[in-house]
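Colleague: start_23.cif (mmCIF, C-alpha atoms and all ligand atoms) pasted underneath:
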data_final
#
loop_
_atom_site.label_atom_id
_atom_site.label_comp_id
_atom_site.auth_asym_id
_atom_site.auth_seq_id
_atom_site.Cartn_x
_atom_site.Cartn_y
_atom_site.Cartn_z
CA MET A 1 16.08 -8.13 0.74
CA GLY A 2 13.04 -9.64 -0.85
CA MET A 3 12.45 -11.30 -4.17
CA PHE A 4 11.65 -8.14 -6.13
CA ASP A 5 14.25 -5.89 -7.64
CA ASN A 6 12.01 -2.84 -7.38
CA PHE A 7 13.68 -0.54 -4.90
CA ASN A 8 15.23 2.73 -6.00
CA PHE A 9 15.97 5.29 -3.31
CA SER A 10 16.27 8.35 -5.53
CA LYS A 11 12.98 7.55 -7.21
CA LEU A 12 11.33 7.02 -3.85
CA LYS A 13 12.74 10.32 -2.66
CA GLU A 14 11.48 12.10 -5.72
CA GLY A 15 8.05 10.49 -5.36
CA LEU A 16 7.80 11.61 -1.75
CA SER A 17 8.94 15.17 -2.38
CA LYS A 18 5.61 16.81 -1.52
CA THR A 19 5.26 14.77 1.66
CA ARG A 20 8.84 15.70 2.55
CA ASN A 21 8.12 19.38 2.03
CA LYS A 22 5.11 19.13 4.25
CA ILE A 23 6.83 17.28 7.10
CA ILE A 24 10.53 17.95 7.13
CA ASN A 25 10.93 21.33 5.57
CA THR A 26 8.46 22.81 8.00
CA ILE A 27 10.12 21.10 10.96
CA SER A 28 13.50 22.33 9.77
CA GLU A 29 12.22 25.87 9.47
CA THR A 30 10.84 25.67 12.98
CA ILE A 31 14.03 24.47 14.60
CA SER A 32 16.78 25.90 12.47
CA GLY A 33 18.98 28.44 14.17
CA LYS A 34 17.77 27.44 17.61
CA ALA A 35 20.70 26.34 19.74
CA VAL A 36 18.38 24.51 22.12
CA ILE A 37 14.96 23.15 21.32
CA ASP A 38 12.62 24.14 24.14
CA ASP A 39 9.27 22.61 25.05
CA LYS A 40 7.41 25.19 23.04
CA THR A 41 9.28 24.18 19.89
CA LEU A 42 8.55 20.52 20.58
CA ASP A 43 4.86 21.45 20.76
CA GLU A 44 5.20 23.13 17.39
CA ILE A 45 6.78 20.01 15.90
CA GLU A 46 3.92 17.97 17.30
CA GLU A 47 1.50 20.33 15.56
CA ILE A 48 3.35 19.93 12.25
CA LEU A 49 3.20 16.14 12.52
CA ILE A 50 -0.54 16.28 13.20
CA THR A 51 -1.23 18.49 10.19
CA ALA A 52 0.94 16.19 8.03
CA ASP A 53 -1.68 13.42 8.40
CA ILE A 54 0.49 11.37 10.77
CA GLY A 55 -2.41 11.43 13.19
CA PHE A 56 -3.00 12.93 16.58
CA ASP A 57 -2.16 9.92 18.75
CA THR A 58 0.97 9.04 16.80
CA ALA A 59 2.23 12.61 16.80
CA VAL A 60 1.65 12.96 20.54
CA ARG A 61 3.43 9.68 21.23
CA ILE A 62 6.40 10.62 19.06
CA ILE A 63 6.87 13.95 20.82
CA GLU A 64 6.34 12.36 24.26
CA ASN A 65 9.09 9.84 23.53
CA THR A 66 11.31 12.58 22.17
CA ARG A 67 10.89 14.49 25.43
CA ILE A 68 11.76 11.37 27.42
CA ASN A 69 14.74 10.44 25.26
CA LEU A 70 16.12 13.93 25.19
CA LYS A 71 15.58 14.79 28.83
CA SER A 72 18.15 17.47 29.22
CA GLU A 73 17.71 20.53 27.07
CA LYS A 74 21.40 20.28 26.15
CA ASP A 75 20.62 17.11 24.18
CA ARG A 76 18.02 18.89 22.18
CA SER A 77 20.04 19.92 19.21
CA GLU A 78 18.44 20.07 15.78
CA LEU A 79 20.25 16.89 14.76
CA ASN A 80 19.20 14.94 17.84
CA ILE A 81 15.60 15.99 17.50
CA LEU A 82 15.37 14.96 13.85
CA ASP A 83 17.12 11.71 14.62
CA THR A 84 14.77 10.87 17.45
CA VAL A 85 11.63 11.75 15.49
CA LYS A 86 12.94 9.60 12.66
CA LYS A 87 13.51 6.60 14.92
CA GLU A 88 10.04 7.01 16.40
CA LEU A 89 8.48 7.08 12.94
CA VAL A 90 10.28 3.90 11.90
CA SER A 91 9.15 2.19 15.10
CA VAL A 92 5.50 2.67 14.05
CA PHE A 93 6.15 -0.30 11.75
CA ASP A 94 7.84 -2.53 14.35
CA PHE A 95 4.86 -4.87 14.24
CA GLN A 96 5.42 -5.73 10.58
CA SER A 97 8.37 -8.00 10.26
CA PHE A 98 8.34 -9.20 6.67
CA ALA A 99 9.00 -7.45 3.42
CA GLY A 100 5.93 -7.43 1.20
CA ASP A 101 7.30 -9.73 -1.42
CA GLU A 102 8.40 -12.63 0.79
CA ILE A 103 5.94 -15.39 0.08
CA ASN A 104 6.16 -19.09 0.71
CA LEU A 105 5.77 -20.77 -2.66
CA ASN A 106 7.05 -24.11 -1.39
CA LYS A 107 4.03 -24.34 0.83
CA PHE A 108 1.46 -22.60 -1.37
CA ARG A 109 1.51 -22.97 -5.10
CA PRO A 110 -0.39 -21.41 -6.74
CA TYR A 111 -0.20 -18.46 -4.38
CA VAL A 112 -3.41 -16.48 -4.70
CA ILE A 113 -3.66 -12.75 -4.06
CA LEU A 114 -6.99 -10.95 -4.09
CA ILE A 115 -6.87 -7.21 -4.70
CA VAL A 116 -9.68 -5.11 -3.19
CA GLY A 117 -10.48 -1.44 -2.64
CA ILE A 118 -12.97 1.23 -3.59
CA ASN A 119 -13.19 2.61 -7.12
CA GLY A 120 -10.30 4.50 -8.62
CA VAL A 121 -7.70 3.79 -5.93
CA GLY A 122 -5.39 1.99 -8.36
CA LYS A 123 -6.25 -1.72 -8.09
CA THR A 124 -5.93 -2.63 -11.76
CA THR A 125 -2.77 -0.57 -12.23
CA THR A 126 -1.25 -2.16 -9.12
CA ILE A 127 -2.05 -5.65 -10.40
CA GLY A 128 -0.21 -4.81 -13.62
CA LYS A 129 2.80 -3.62 -11.63
CA LEU A 130 2.72 -6.62 -9.29
CA ALA A 131 2.39 -9.06 -12.19
CA TYR A 132 5.43 -7.45 -13.77
CA ASN A 133 7.45 -7.79 -10.57
CA PHE A 134 6.49 -11.42 -10.02
CA ARG A 135 7.23 -12.28 -13.63
CA ARG A 136 10.62 -10.59 -13.46
CA ALA A 137 11.33 -12.63 -10.33
CA GLY A 138 11.03 -15.68 -12.56
CA LEU A 139 7.50 -16.74 -11.63
CA LYS A 140 4.63 -17.87 -13.81
CA VAL A 141 1.82 -15.38 -13.33
CA ILE A 142 -1.86 -15.29 -14.25
CA VAL A 143 -4.34 -12.47 -13.59
CA GLY A 144 -8.11 -12.85 -13.32
CA ALA A 145 -10.43 -10.07 -14.47
CA ALA A 146 -13.09 -10.43 -11.79
CA ASP A 147 -14.19 -6.83 -12.21
CA THR A 148 -16.90 -7.73 -14.69
CA PHE A 149 -19.15 -4.75 -14.06
CA ARG A 150 -17.51 -2.52 -16.62
CA ALA A 151 -16.34 -3.75 -20.01
CA ALA A 152 -13.54 -1.18 -19.86
CA ALA A 153 -12.24 -2.74 -16.67
CA VAL A 154 -11.50 -6.03 -18.40
CA GLU A 155 -9.85 -4.24 -21.33
CA GLN A 156 -7.71 -2.21 -18.95
CA LEU A 157 -6.48 -5.35 -17.19
CA GLU A 158 -5.83 -6.94 -20.56
CA ILE A 159 -3.56 -4.05 -21.51
CA TRP A 160 -1.66 -4.40 -18.24
CA ALA A 161 -1.34 -8.18 -18.69
CA LYS A 162 0.23 -7.56 -22.12
CA ARG A 163 2.61 -4.96 -20.71
CA ALA A 164 3.66 -7.27 -17.90
CA ASN A 165 3.78 -10.21 -20.29
CA VAL A 166 1.55 -12.46 -18.19
CA ASP A 167 -1.61 -14.44 -18.92
CA ILE A 168 -5.16 -13.39 -18.20
CA VAL A 169 -8.51 -15.08 -17.61
CA GLN A 170 -11.43 -12.96 -18.70
CA ASN A 171 -15.08 -13.31 -19.45
CA LYS A 172 -17.71 -11.26 -21.13
CA LYS A 173 -19.07 -8.24 -19.32
CA GLY A 174 -21.75 -9.16 -16.84
CA THR A 175 -20.40 -12.61 -16.00
CA ASP A 176 -20.45 -13.43 -12.34
CA PRO A 177 -17.13 -12.14 -10.88
CA SER A 178 -16.84 -15.16 -8.60
CA SER A 179 -16.97 -17.49 -11.60
CA VAL A 180 -14.06 -15.61 -13.19
CA ALA A 181 -12.10 -15.94 -9.95
CA PHE A 182 -12.96 -19.65 -9.83
CA GLU A 183 -11.84 -20.22 -13.43
CA THR A 184 -8.59 -18.32 -12.90
CA VAL A 185 -7.63 -20.46 -9.92
CA GLN A 186 -8.73 -23.61 -11.74
CA ARG A 187 -6.50 -22.81 -14.70
CA ALA A 188 -3.62 -21.85 -12.39
CA ILE A 189 -3.74 -25.28 -10.77
CA LYS A 190 -4.08 -27.14 -14.06
CA GLU A 191 -1.30 -25.27 -15.82
CA ASN A 192 1.08 -24.91 -12.89
CA TYR A 193 1.08 -21.19 -12.33
CA ASP A 194 2.96 -19.78 -9.34
CA ILE A 195 1.05 -16.56 -8.76
CA VAL A 196 -2.62 -15.68 -9.21
CA LEU A 197 -3.71 -12.05 -8.99
CA ILE A 198 -7.44 -11.35 -8.93
CA ASP A 199 -8.78 -7.91 -9.82
CA THR A 200 -12.12 -6.89 -8.31
CA ALA A 201 -14.67 -4.13 -8.84
CA GLY A 202 -14.45 -0.97 -6.76
CA ARG A 203 -17.86 0.41 -7.51
CA LEU A 204 -21.01 -1.61 -7.11
CA HIS A 205 -24.56 -0.51 -6.45
CA ASN A 206 -23.74 0.13 -2.81
CA LYS A 207 -21.25 -0.70 -0.11
CA SER A 208 -22.95 -3.81 1.24
CA HIS A 209 -23.29 -5.18 -2.28
CA LEU A 210 -19.55 -4.68 -2.77
CA MET A 211 -18.73 -6.49 0.46
CA ASP A 212 -21.16 -9.34 -0.38
CA GLU A 213 -19.52 -9.74 -3.76
CA LEU A 214 -16.07 -9.99 -2.16
CA GLY A 215 -17.39 -12.68 0.17
CA LYS A 216 -18.72 -14.64 -2.81
CA ILE A 217 -15.43 -14.32 -4.69
CA LYS A 218 -13.52 -15.60 -1.66
CA ARG A 219 -15.85 -18.56 -1.22
CA SER A 220 -15.58 -19.57 -4.86
CA ILE A 221 -11.77 -19.40 -4.73
CA LYS A 222 -11.86 -21.59 -1.63
CA LYS A 223 -13.99 -24.18 -3.38
CA MET A 224 -11.17 -24.67 -5.84
CA LEU A 225 -8.29 -24.15 -3.42
CA PRO A 226 -9.17 -24.37 0.30
CA TYR A 227 -6.07 -22.52 1.53
CA ALA A 228 -6.68 -19.54 -0.79
CA PRO A 229 -6.69 -16.62 -1.09
CA ASN A 230 -3.31 -16.47 0.60
CA ASP A 231 -3.48 -12.71 0.75
CA THR A 232 -6.13 -10.07 0.43
CA TYR A 233 -4.50 -6.73 -0.24
CA LEU A 234 -6.45 -3.54 0.26
CA VAL A 235 -5.42 -0.77 -2.12
CA LEU A 236 -5.64 2.76 -0.73
CA ASP A 237 -5.13 6.06 -2.55
CA GLY A 238 -2.55 8.06 -0.59
CA ASN A 239 -4.13 11.29 -1.81
CA THR A 240 -7.27 10.71 0.19
CA GLY A 241 -5.67 11.09 3.62
CA GLN A 242 -8.27 10.51 6.31
CA ASN A 243 -10.60 8.68 3.93
CA ALA A 244 -7.98 6.00 3.44
CA ILE A 245 -8.20 5.32 7.17
CA ILE A 246 -11.96 4.98 7.07
CA GLN A 247 -11.71 2.60 4.11
CA SER A 248 -9.18 0.40 5.83
CA GLU A 249 -11.42 0.25 8.92
CA GLU A 250 -14.51 -0.62 6.87
CA PHE A 251 -12.89 -3.33 4.75
CA SER A 252 -11.25 -4.83 7.84
CA LYS A 253 -14.65 -5.24 9.44
CA VAL A 254 -15.95 -7.51 6.69
CA THR A 255 -12.87 -9.27 5.38
CA ASP A 256 -9.47 -10.31 6.58
CA ILE A 257 -7.06 -7.80 5.03
CA THR A 258 -3.52 -9.22 5.11
CA GLY A 259 -1.74 -6.20 3.66
CA LEU A 260 -2.09 -2.67 2.40
CA ILE A 261 -0.88 -1.12 -0.81
CA VAL A 262 -0.80 2.67 -0.74
CA THR A 263 -0.80 4.24 -4.20
CA LYS A 264 -0.30 7.69 -5.71
CA LEU A 265 2.24 8.78 -3.13
CA ASP A 266 3.86 10.76 -5.91
CA GLY A 267 2.14 14.08 -6.19
CA THR A 268 0.56 14.12 -2.74
CA ALA A 269 1.65 15.81 0.46
CA LYS A 270 -0.42 13.33 2.46
CA GLY A 271 2.05 10.46 2.52
CA GLY A 272 2.23 10.80 6.30
CA VAL A 273 -1.09 8.98 6.43
CA ILE A 274 0.81 5.69 6.17
CA PHE A 275 2.04 6.20 9.74
CA GLN A 276 -1.46 6.85 10.97
CA ILE A 277 -3.00 3.80 9.31
CA SER A 278 -0.23 1.54 10.53
CA SER A 279 -0.30 2.70 14.12
CA LYS A 280 -4.08 2.46 14.26
CA GLN A 281 -4.74 -0.68 12.27
CA LYS A 282 -1.55 -2.72 12.55
CA ILE A 283 -2.00 -4.11 9.05
CA PRO A 284 1.34 -4.35 7.27
CA VAL A 285 1.99 -1.98 4.38
CA LYS A 286 3.32 -4.23 1.62
CA TYR A 287 3.86 -1.97 -1.35
CA ILE A 288 3.66 1.65 -2.34
CA GLY A 289 2.81 3.21 -5.69
CA ILE A 290 4.90 6.20 -6.74
CA GLY A 291 3.80 6.68 -10.33
CA GLU A 292 1.66 5.37 -13.16
CA GLY A 293 4.36 3.32 -14.88
CA ILE A 294 4.85 -0.43 -14.68
CA ASP A 295 8.00 -0.07 -12.57
CA ASP A 296 6.52 2.47 -10.18
CA LEU A 297 5.65 0.01 -7.45
CA GLN A 298 8.11 -0.47 -4.62
CA THR A 299 8.24 -2.93 -1.77
CA PHE A 300 7.58 -0.93 1.38
CA ILE A 301 10.67 -0.78 3.60
CA PRO A 302 9.94 1.36 6.69
CA GLU A 303 13.50 2.64 7.25
CA GLN A 304 13.91 3.60 3.62
CA PHE A 305 10.53 5.28 3.53
CA VAL A 306 11.43 7.42 6.54
CA ASN A 307 14.94 8.05 5.18
CA ALA A 308 13.47 9.24 1.89
CA ILE A 309 11.20 11.68 3.72
CA PHE A 310 14.04 13.03 5.89
CA ASP A 311 16.75 13.15 3.24
CA LEU A 312 16.92 16.82 2.38
N1 LIG A 401 0.38 9.05 -10.03
C1 LIG A 401 -0.06 7.81 -9.79
N2 LIG A 401 -1.18 7.39 -10.37
C2 LIG A 401 -1.60 6.14 -10.12
C3 LIG A 401 -0.90 5.27 -9.25
N3 LIG A 401 -1.57 4.09 -9.18
C4 LIG A 401 -2.65 4.24 -9.98
N4 LIG A 401 -2.69 5.46 -10.55
C5 LIG A 401 -3.70 6.03 -11.47
O1 LIG A 401 -4.97 6.01 -10.85
C6 LIG A 401 -6.00 5.88 -11.81
C7 LIG A 401 -6.95 4.77 -11.40
O2 LIG A 401 -6.27 3.54 -11.43
P1 LIG A 401 -6.98 2.12 -11.63
O3 LIG A 401 -5.92 1.11 -11.56
O4 LIG A 401 -7.85 2.15 -12.81
O5 LIG A 401 -7.88 2.08 -10.33
P2 LIG A 401 -8.93 0.95 -9.89
O6 LIG A 401 -8.88 0.85 -8.42
O7 LIG A 401 -8.69 -0.29 -10.66
O8 LIG A 401 -10.30 1.62 -10.35
P3 LIG A 401 -11.74 0.89 -10.56
O9 LIG A 401 -11.50 -0.32 -11.41
O10 LIG A 401 -12.56 1.94 -11.25
O11 LIG A 401 -12.28 0.58 -9.23
C8 LIG A 401 -5.29 5.62 -13.13
O12 LIG A 401 -5.27 6.79 -13.88
C9 LIG A 401 -3.88 5.21 -12.72
O13 LIG A 401 -2.91 5.52 -13.68
C10 LIG A 401 0.31 5.76 -8.61
O14 LIG A 401 0.98 5.10 -7.81
N5 LIG A 401 0.66 7.04 -8.93
MG MG A 402 -9.93 -1.46 -11.86
#
Can the structure in the file be given as structure tokens, please?
Ligand SMILES: Nc1nc2c(ncn2[C@@H]2O[C@H](COP(=O)(O)OP(=O)(O)OP(=O)(O)O)[C@@H](O)[C@H]2O)c(=O)[nH]1
Ligand SMILES: [Mg+2]

Modeller:
Amino acid sequence: MGMFDNFNFSKLKEGLSKTRNKIINTISETISGKAVIDDKTLDEIEEILITADIGFDTAVRIIENTRINLKSEKDRSELNILDTVKKELVSVFDFQSFAGDEINLNKFRPYVILIVGINGVGKTTTIGKLAYNFRRAGLKVIVGAADTFRAAAVEQLEIWAKRANVDIVQNKKGTDPSSVAFETVQRAIKENYDIVLIDTAGRLHNKSHLMDELGKIKRSIKKMLPYAPNDTYLVLDGNTGQNAIIQSEEFSKVTDITGLIVTKLDGTAKGGVIFQISSKQKIPVKYIGIGEGIDDLQTFIPEQFVNAIFDL
């Protein structure tokens, strides 16, 4: 396991209850009582997976493989079908080998993480949760309030820094965000911090302005620390389903996204979207948000995620 002590299966299960209802309960209803699952039923399962935001291509592939694996109709018991679909879903994440929280501090200290995403997806909240996790893992953490476009944004990060008991670098509203990022990294080097988390603005005048600003922030971090940022995490709101996919495509075009953080999986039935993003984009999902509290961020573990969805 990784460095964070943030995994709790029953909480994950509870957080994913709406997604579970959408995927598993409907599949169970479709197949229960059927001694043998025929091709028509497999088609119905495929349909359920598609409507559960798992995505057309992924759903088709899962059902294709299920057909191949369970060639004879005798094998197609309810248990076998669920087991095979489960394995196929886990295998969507085969490309991502590391847990989100495994970082090489011997090589990179300070380790700099830039948090990006459109407005309202949960960036600032996630930084608070991450800071808390890193601090609890025994690391010295500093956060940089590089969302300088709203005064409230800085205050919000300040509250989270207090909660997580970590330090913060902030400037007055209207300061250049890249200068805040620069100062945060500068202070991290001078005062021997382990982890730097940089918050950024989600809403600027327009999309190209937002992307330009991110480029500037990255360049100013690099001026101070050429190997940084070590990671750029894109935060996506799990509620938004298909829009999350568009956002991950658009951000990937302009900047190198090293990981995804999918928030608000509690209270949405669209959690299946994680499978779609991963099979399309092949960007590792690092963490998931399952609530508004400081300990509601979990390291994403594919098997456990699928288990939590299938555990009735
Ligand atoms: N239920 C739930 N709410 C969340 C989660 N993560 C964030 N939120 C809520 O989402 C709202 C927006 O979160 P912020 O952290 O302010 O989002 P942001 O991306 O920083 O927003 P901007 O700074 O405006 O771009 C807040 O009300 C959070 O409490 C989560 O995992 N679950
Ligand atoms: Mg914010």

Colleague: Do you have, as a Markdown table, the list of residues of chain A lying at most 6 Å from ligand MG 402 (chain A), each with its nearest atom pair and that distance in Å to one decimal, counting only C-alpha atoms and all ligand atoms and ordered by chain then number?

Modeller:
| residue | atom | partner | partner_atom | distance |
| --- | --- | --- | --- | --- |
| A:Lys123 | CA | A:MG402 | MG | 5.3 |
| A:Thr124 | CA | A:MG402 | MG | 4.2 |
| A:Ala153 | CA | A:MG402 | MG | 5.5 |

Colleague: Write out as a short mmCIF file (atom, residue, chain, number, x, y, z; two decimals) with C-alpha atoms, in the frame of the given file the residues lying within 7 Å of region 186-199 of chain A, counting only C-alpha atoms and excluding same-chain residues fewer than 6 positions away.

Modeller:
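Result written to result26.cif:
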data_model
loop_
_atom_site.label_atom_id
_atom_site.label_comp_id
_atom_site.auth_asym_id
_atom_site.auth_seq_id
_atom_site.Cartn_x
_atom_site.Cartn_y
_atom_site.Cartn_z
CA ARG A 109 1.51 -22.97 -5.10
CA PRO A 110 -0.39 -21.41 -6.74
CA TYR A 111 -0.20 -18.46 -4.38
CA VAL A 112 -3.41 -16.48 -4.70
CA ILE A 113 -3.66 -12.75 -4.06
CA LEU A 114 -6.99 -10.95 -4.09
CA ILE A 115 -6.87 -7.21 -4.70
CA LYS A 123 -6.25 -1.72 -8.09
CA THR A 124 -5.93 -2.63 -11.76
CA ILE A 127 -2.05 -5.65 -10.40
CA LEU A 139 7.50 -16.74 -11.63
CA LYS A 140 4.63 -17.87 -13.81
CA VAL A 141 1.82 -15.38 -13.33
CA ILE A 142 -1.86 -15.29 -14.25
CA VAL A 143 -4.34 -12.47 -13.59
CA GLY A 144 -8.11 -12.85 -13.32
CA ALA A 145 -10.43 -10.07 -14.47
CA ALA A 146 -13.09 -10.43 -11.79
CA ASP A 147 -14.19 -6.83 -12.21
CA MET A 224 -11.17 -24.67 -5.84
#

Colleague: Between A:Ile54, A:Ile62, A:Met211, A:Val121, which one has atoms that come closest to Glu88 (chain A), using only C-alpha atoms?

Modeller: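 Using only C-alpha atoms, Glu88 (chain A) sits closest to A:Ile62.
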
Colleague: Can you pull out every residue with an atom within 9 Å of ligand LIG 401 (chain A)? Use all atoms listed in the file and format it as a VMD selection string.

Modeller: chain A and resid 15 116 to 128 147 150 152 to 153 156 to 157 199 to 203 235 to 238 262 to 268 288 to 293 296 to 297

Colleague: Extract, using all atoms listed in the file, all DNA, RNA and protein residues at most 12 Å from Thr58 (chain A), discarding same-chain residues fewer than 2 positions from it, and format them as a ChimeraX atom specification.

Modeller: /A:46-47,49-56,60-65,85,88-93,272-280

Colleague: Keeping only C-alpha atoms, write those residues as a short mmCIF file (atom, residue, chain, number, x, y, z; two decimals), keeping the file's coordinate frame.

Modeller:
data_model
loop_
_atom_site.label_atom_id
_atom_site.label_comp_id
_atom_site.auth_asym_id
_atom_site.auth_seq_id
_atom_site.Cartn_x
_atom_site.Cartn_y
_atom_site.Cartn_z
CA GLU A 46 3.92 17.97 17.30
CA GLU A 47 1.50 20.33 15.56
CA LEU A 49 3.20 16.14 12.52
CA ILE A 50 -0.54 16.28 13.20
CA THR A 51 -1.23 18.49 10.19
CA ALA A 52 0.94 16.19 8.03
CA ASP A 53 -1.68 13.42 8.40
CA ILE A 54 0.49 11.37 10.77
CA GLY A 55 -2.41 11.43 13.19
CA PHE A 56 -3.00 12.93 16.58
CA VAL A 60 1.65 12.96 20.54
CA ARG A 61 3.43 9.68 21.23
CA ILE A 62 6.40 10.62 19.06
CA ILE A 63 6.87 13.95 20.82
CA GLU A 64 6.34 12.36 24.26
CA ASN A 65 9.09 9.84 23.53
CA VAL A 85 11.63 11.75 15.49
CA GLU A 88 10.04 7.01 16.40
CA LEU A 89 8.48 7.08 12.94
CA VAL A 90 10.28 3.90 11.90
CA SER A 91 9.15 2.19 15.10
CA VAL A 92 5.50 2.67 14.05
CA PHE A 93 6.15 -0.30 11.75
CA GLY A 272 2.23 10.80 6.30
CA VAL A 273 -1.09 8.98 6.43
CA ILE A 274 0.81 5.69 6.17
CA PHE A 275 2.04 6.20 9.74
CA GLN A 276 -1.46 6.85 10.97
CA ILE A 277 -3.00 3.80 9.31
CA SER A 278 -0.23 1.54 10.53
CA SER A 279 -0.30 2.70 14.12
CA LYS A 280 -4.08 2.46 14.26
#
